[in-house]
Structures are given as C-alpha cells and as structure tokens.
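*Asks:* Supplied structure: query-v4.cif, mmCIF, C-alpha atoms.
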data_target
loop_
_atom_site.label_atom_id
_atom_site.label_comp_id
_atom_site.auth_asym_id
_atom_site.auth_seq_id
_atom_site.Cartn_x
_atom_site.Cartn_y
_atom_site.Cartn_z
CA MET A 6 47.08 140.68 31.05
CA LYS A 7 45.18 143.12 33.24
CA ALA A 8 46.10 141.10 36.33
CA ILE A 9 49.76 141.12 35.36
CA ALA A 10 49.73 144.86 34.75
CA THR A 11 48.09 145.41 38.13
CA LEU A 12 50.70 143.40 39.97
CA LEU A 13 53.55 144.98 38.08
CA ALA A 14 52.24 148.34 39.23
CA ILE A 15 52.18 147.03 42.80
CA GLY A 16 55.68 145.65 42.37
CA GLY A 17 56.85 148.99 41.03
CA GLY A 18 55.68 150.57 44.26
CA LEU A 19 58.07 148.32 46.14
CA THR A 20 61.12 149.70 44.39
CA ILE A 21 62.88 152.89 45.44
CA SER A 22 60.82 155.86 44.33
CA SER A 23 61.48 159.56 44.63
CA PRO A 24 59.04 162.32 45.64
CA GLY A 25 61.26 164.72 43.68
CA ALA A 26 63.03 164.40 40.34
CA LEU A 27 65.78 166.72 41.60
CA ILE A 28 67.47 166.65 45.01
CA ILE A 29 70.27 168.46 46.84
CA THR A 30 73.19 166.06 47.21
CA GLY A 31 75.91 168.40 48.43
CA VAL A 32 76.56 171.78 50.04
CA PHE A 33 79.97 173.45 50.23
CA ASP A 34 81.55 176.66 51.60
CA GLY A 35 85.04 177.02 50.15
CA PRO A 36 88.29 178.43 51.58
CA LEU A 37 89.32 180.64 48.64
CA PRO A 38 89.14 184.44 49.03
CA GLY A 39 85.61 185.57 49.85
CA GLY A 40 84.74 182.09 51.07
CA ASP A 41 84.45 180.78 47.53
CA PRO A 42 83.43 178.57 45.98
CA LYS A 43 80.01 178.52 47.61
CA GLY A 44 77.25 176.39 46.21
CA ILE A 45 75.37 173.14 46.00
CA GLU A 46 75.38 169.93 43.99
CA LEU A 47 72.06 168.70 42.59
CA PHE A 48 71.17 165.23 41.29
CA ALA A 49 68.45 164.08 38.90
CA THR A 50 66.66 160.98 40.21
CA SER A 51 64.74 160.74 36.92
CA ASP A 52 64.82 162.43 33.53
CA ILE A 53 64.02 166.14 33.71
CA ALA A 54 62.75 167.83 30.56
CA ASP A 55 63.22 171.38 31.83
CA LEU A 56 65.33 172.44 34.80
CA ALA A 57 63.57 175.82 34.74
CA GLN A 58 60.78 174.17 36.73
CA PHE A 59 63.19 174.18 39.69
CA ALA A 60 64.66 177.03 41.74
CA VAL A 61 66.82 177.54 44.82
CA GLY A 62 66.95 179.96 47.71
CA VAL A 63 68.91 180.53 50.93
CA ALA A 64 67.25 181.07 54.31
CA ASN A 65 69.82 183.37 55.87
CA ASN A 66 70.77 183.24 59.57
CA GLY A 67 67.75 181.24 60.69
CA GLY A 68 65.34 183.97 59.65
CA GLY A 69 62.95 181.67 57.80
CA THR A 70 62.50 181.23 54.08
CA ASP A 71 63.57 183.93 51.65
CA GLY A 72 61.63 182.14 48.93
CA VAL A 73 62.83 181.62 45.38
CA GLU A 74 66.07 183.49 44.67
CA SER A 75 67.41 181.82 41.52
CA ILE A 76 65.56 179.80 38.87
CA LEU A 77 67.61 177.10 37.19
CA PRO A 78 68.32 177.36 33.44
CA SER A 79 65.97 175.97 30.82
CA GLN A 80 67.60 172.71 29.77
CA ALA A 81 67.14 168.97 30.11
CA LEU A 82 68.94 166.84 32.69
CA ALA A 83 69.14 163.07 32.34
CA ALA A 84 68.48 160.71 35.22
CA GLY A 85 71.65 160.04 37.18
CA SER A 86 73.26 163.36 36.24
CA PHE A 87 74.78 165.88 38.63
CA PHE A 88 74.40 169.65 38.31
CA LEU A 89 76.61 172.16 40.10
CA VAL A 90 75.20 175.54 41.21
CA THR A 91 77.63 178.17 42.52
CA THR A 92 77.76 181.87 43.32
CA GLU A 93 80.45 182.69 40.76
CA LEU A 94 82.51 181.21 37.94
CA ASP A 95 86.29 181.57 38.37
CA ASP A 96 86.88 180.14 41.84
CA ALA A 97 84.34 177.37 41.28
CA THR A 98 86.07 176.37 38.04
CA GLN A 99 89.49 176.40 39.72
CA TRP A 100 88.26 174.38 42.68
CA PHE A 101 86.39 171.67 40.78
CA GLY A 102 88.30 171.70 37.50
CA SER A 103 85.24 172.43 35.37
CA GLU A 104 82.64 175.15 35.02
CA PRO A 105 79.45 174.94 37.13
CA GLY A 106 76.12 174.35 35.44
CA HIS A 107 74.51 177.50 36.81
CA LEU A 108 75.63 180.75 38.45
CA ALA A 109 73.05 181.68 41.07
CA GLY A 110 74.86 184.68 42.56
CA ASN A 111 73.28 185.72 45.84
CA GLY A 112 70.61 183.10 45.28
CA ILE A 113 72.97 180.51 46.73
CA ASN A 114 75.25 182.79 48.78
CA HIS A 115 75.28 180.86 52.04
CA ASN A 116 77.90 181.13 54.79
CA GLY A 117 77.92 177.57 56.06
CA ASP A 118 75.24 178.32 58.66
CA ASP A 119 72.30 178.96 56.33
CA ALA A 120 69.62 176.55 55.18
CA ILE A 121 69.08 175.98 51.45
CA GLU A 122 65.72 175.26 49.83
CA LEU A 123 64.94 173.59 46.50
CA PHE A 124 61.63 174.61 44.93
CA PHE A 125 59.45 173.15 42.17
CA ASP A 126 56.78 174.76 40.01
CA SER A 127 55.45 172.71 37.09
CA THR A 128 54.56 175.94 35.26
CA GLY A 129 57.97 177.54 35.78
CA ALA A 130 56.26 180.78 36.83
CA PHE A 131 57.34 180.76 40.50
CA SER A 132 54.68 183.30 41.32
CA GLY A 133 53.87 181.92 44.77
CA ASP A 134 52.41 178.50 44.02
CA GLU A 135 55.75 176.67 44.06
CA SER A 136 56.44 173.94 46.59
CA VAL A 137 59.54 173.11 48.64
CA ILE A 138 60.63 169.65 47.55
CA ASP A 139 63.95 169.44 49.39
CA VAL A 140 65.86 171.40 52.02
CA PHE A 141 69.29 171.33 53.61
CA GLY A 142 69.32 172.65 57.18
CA ASP A 143 66.61 174.27 59.29
CA ILE A 144 65.28 177.50 57.77
CA ASN A 145 64.38 178.79 61.25
CA THR A 146 67.77 178.10 62.87
CA ASP A 147 71.20 179.70 62.51
CA GLY A 148 73.35 176.68 61.77
CA THR A 149 76.43 177.84 63.70
CA GLY A 150 77.45 175.05 66.07
CA THR A 151 74.71 172.68 64.88
CA PRO A 152 75.40 169.21 63.42
CA TRP A 153 74.84 170.69 59.94
CA ASP A 154 77.31 173.58 60.27
CA THR A 155 79.28 173.64 57.01
CA VAL A 156 81.37 176.81 57.42
CA ASP A 157 84.66 176.29 55.52
CA GLY A 158 83.62 172.75 54.77
CA TRP A 159 80.90 170.63 53.25
CA ALA A 160 77.95 168.26 53.69
CA TYR A 161 77.03 165.34 51.44
CA ARG A 162 73.80 163.36 51.23
CA ASN A 163 73.99 159.69 52.18
CA ASN A 164 73.37 157.21 49.37
CA GLY A 165 69.74 156.30 48.77
CA VAL A 166 68.27 159.20 50.78
CA LEU A 167 65.79 161.04 48.57
CA ALA A 168 63.94 164.37 48.68
CA ASN A 169 62.70 165.29 52.16
CA GLY A 170 59.80 167.60 51.27
CA GLY A 171 61.16 170.35 53.49
CA THR A 172 61.90 168.35 56.65
CA PHE A 173 65.65 168.10 57.25
CA ASN A 174 67.37 165.31 59.18
CA PRO A 175 71.16 165.66 59.64
CA ALA A 176 71.42 161.89 60.17
CA ASN A 177 70.83 161.56 56.41
CA TRP A 178 74.03 163.45 55.63
CA SER A 179 77.79 163.14 56.05
CA PHE A 180 79.91 166.16 57.03
CA SER A 181 83.50 167.32 56.72
CA GLY A 182 83.06 169.23 59.97
CA PRO A 183 83.24 173.03 60.26
CA ASN A 184 86.52 174.75 59.39
CA GLU A 185 88.05 171.57 57.97
CA TRP A 186 88.98 173.47 54.81
CA ASP A 187 90.81 176.22 56.67
CA GLY A 188 94.22 176.62 55.03
CA ASP A 189 93.27 174.64 51.93
CA ASP A 190 93.23 177.79 49.81
CA ASN A 191 96.96 177.38 49.11
CA PHE A 192 98.60 174.36 47.49
CA ASP A 193 102.30 173.55 47.33
CA GLY A 194 103.32 177.05 48.38
CA GLY A 195 101.09 178.75 45.86
CA SER A 196 98.82 181.74 46.39
CA ASP A 197 95.12 180.88 46.61
CA ASN A 198 95.61 178.03 44.14
CA GLY A 199 93.96 175.28 46.19
CA THR A 200 91.58 172.80 44.60
CA ASN A 201 89.10 170.19 45.76
CA VAL A 202 91.64 167.48 44.89
CA THR A 203 94.21 168.96 47.27
CA ALA A 204 91.68 169.78 50.00
CA THR A 205 91.41 167.66 53.14
CA PRO A 206 88.91 166.16 53.12
CA PRO A 207 87.84 166.69 49.51
CA PHE A 208 84.18 167.28 48.69
CA PRO A 209 82.91 163.90 47.37
CA ALA A 210 81.46 165.41 44.19
CA GLY A 211 79.43 163.16 41.92
CA THR A 212 79.43 160.14 44.22
CA PHE A 213 75.79 159.99 45.35
CA GLN A 214 74.02 156.78 44.33
CA ILE A 215 70.53 155.32 44.49
CA PRO A 216 71.01 151.59 45.16
CA GLU A 217 69.48 149.19 42.67
CA PRO A 218 66.62 146.95 43.92
CA THR A 219 68.12 143.95 45.70
CA SER A 220 67.74 140.39 44.46
CA THR A 221 65.65 139.68 47.56
CA LEU A 222 63.22 142.45 46.61
CA LEU A 223 63.02 141.29 43.00
CA GLY A 224 62.49 137.71 44.14
CA GLY A 225 59.68 138.86 46.43
CA ILE A 226 57.99 140.66 43.55
CA GLY A 227 58.22 137.51 41.41
CA LEU A 228 56.78 135.35 44.19
CA ALA A 229 53.94 137.81 44.73
CA LEU A 230 53.20 137.76 41.00
CA LEU A 231 53.08 133.95 40.97
CA CYS A 232 50.73 133.83 43.98
CA PHE A 233 48.51 136.51 42.48
CA LEU A 234 48.15 134.64 39.18
CA ARG A 235 47.37 131.36 40.95
CA ARG A 236 44.60 133.06 42.93
CA LYS A 237 43.09 134.38 39.69
CA LYS A 238 42.70 130.86 38.23
#
Written as structure tokens, that's how I'd like the structure from this file.
*Replies:*
Amino acid sequence: MKAIATLLAIGGGLTISSPGALIITGVFDGPLPGGDPKGIELFATSDIADLAQFAVGVANNGGGTDGVESILPSQALAAGSFFLVTTELDDATQWFGSEPGHLAGNGINHNGDDAIELFFDSTGAFSGDESVIDVFGDINTDGTGTPWDTVDGWAYRNNGVLANGGTFNPANWSFSGPNEWDGDDNFDGGSDNGTNVTATPPFPAGTFQIPEPTSTLLGGIGLALLCFLRRKK
C-alpha cells in the first residue's frame, strides 16, 4: 500500500497543478462615463476557505508596485468559481447584468495602461510579509502602446495558464485591442446604456478553463504504476 501511495503522489505531480489558488483571468476598462466599469475577473483553481487572504493593487503608470490597496472580503470561494472585482457598483452591474463580488474603489482603478498585482498572505494581516502570486502587465512599464494595452478594452487569460508568480508574459493572454470599446457606451440609440452583451467584442467573462488531464496522461500514470509494482515484487 505504501508503494501505491508513493506512486499516486508521483502521478499527482504529473497533473496540472497551480502555484496559486486564485488567479487573475480578466482585466477590463469600460467605455461608460468615467471609463467604467473598471476591474478584474478572478478565478479559484481550488477551494478557498477565506478570500481575505488575498488582496489586489494597481501599479500606476509604470511606477512600480503600490503594494496592497484592497483586501478581498472574508468569504469562501469554491474551486472553478469566478469573482468579479470592480471600482464601483452601478456601471459594473449594468455592464455585466449582475453585481460584482467586491468593490475595490481606487484599489483597482486602472486606466488600461497599468499593471495589476494579486497578493497572498496566509495570515490575512498584509503587514508587509505578503507575496505576489500573480500579475497582469509590467509594474515598471507604462502599458500605453504595449501588447498588453487594455485602454477601452480588455485582456483575458488563455485556458490552462496558471499563476505566474509576478512574471508577466503577454503571450499567455488574449486581447480585444486598445480602444475597441470606443462607442460601445450607447446601445440602440440609448444614452450610456451599453452592456457587455452589446459590446464588440464582448469581454469573455466566466469562460476560463483548466483542461482535464488527457487520456494519454492518465494512461501513462497507469503504466508507470504497473511498472513500479512489478519492480517491487
């Protein structure tokens, strides 16, 4: 039984694993008055008992980290769940059709050219010992004109790409392109009544996925287990 447990642990290491239970899956800078809604989408890669162990912050204009600016609320989040963080309530609710999970105010007030950091502190104190577990953009670069420029638009994480530990790679993301939401604030002749559904292109909210282990991978684990047990005889 010990041999089987050992190999199962090895096999588990072959499956997709995440260095962070929470990741940034989307960033958006809306076209409604004031550039709203502004915010991010988060995704739980595993069950989270308390979101208050996580916090966000914006590194404005390439000036380096501003540190923790908004701690997430104390609540659980199940694996596979999405969590929307915005600067304010009304425009975000209009745009997405439901209320965001957390209002971060200036703690997430980016302008499409600012990097966004996700922090973790197991104690929830955020007194300086927290770590950066994920980042969108380069905290030392103004994003204007870069591949990750999201002014009046959005960015969305590619499926299966997990927390980056603070090292951003734009190749791991898909982008609407800057200014693609210009003019999407009005729908059908209305006044500032645009929504994500009517936007072009719409923000792909809630679509991020972590692929299941393939049959080839599972078959390889089974074969390795069989060989391991035969060697132990």
*Asks:* List every protein, DNA or RNA residue that has an atom no more than 12 Å from (61.0, 183.8, 54.8) in the file's coordinate frame, counting only C-alpha atoms, and report them as a list in words.
*Replies:*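 Checked against the point, the hits come out as Gly62, Val63, Ala64, Asn65, Asn66, Gly67, Gly68, Gly69, Thr70, Asp71, Gly72, Val73, Glu74, Ala120, Ile121, Glu122, Asp143, Ile144, Asn145 and Thr146 of chain A.
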*Asks:* What's around A:Ala57 at 7 Å? Count all atoms listed in the file, leave out sequence neighbours fewer than 6 positions away in its own chain, and write the answer as a VMD selection string.
*Replies:* chain A and resid 76 to 79 129
*Asks:* Distance cut-off 12 Å, centre (76.7, 165.5, 57.0) in file coordinates, counting all atoms listed in the file: which residues qualify? Return them as a ChimeraX atom specification.
*Replies:* /A:30-33,141-142,151-155,158-164,173-183,208-209
*Asks:* Under the rule that only C-alpha atoms are counted, which of A:Val90, A:Ala204, A:Val156, A:Ala49 is the nearest residue to A:Pro105?
*Replies:* A:Val90
*Asks:* I'd like to know which of A:Asn169, A:Gly133, A:Pro42, A:Pro207 is closest to A:Glu104, using all atoms listed in the file.
*Replies:*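 Ranking A:Asn169, A:Gly133, A:Pro42, A:Pro207 by distance to A:Glu104, first place goes to A:Pro42.
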*Asks:* Name every residue that the PyMOL selection byres ((chain A and resi 98) around 12) selects in this structure, writing the answer as an NGL selection string with chains first and numbers rising.
*Replies:* :A and (37 or 41-43 or 89-97 or 99-108 or 198-201)
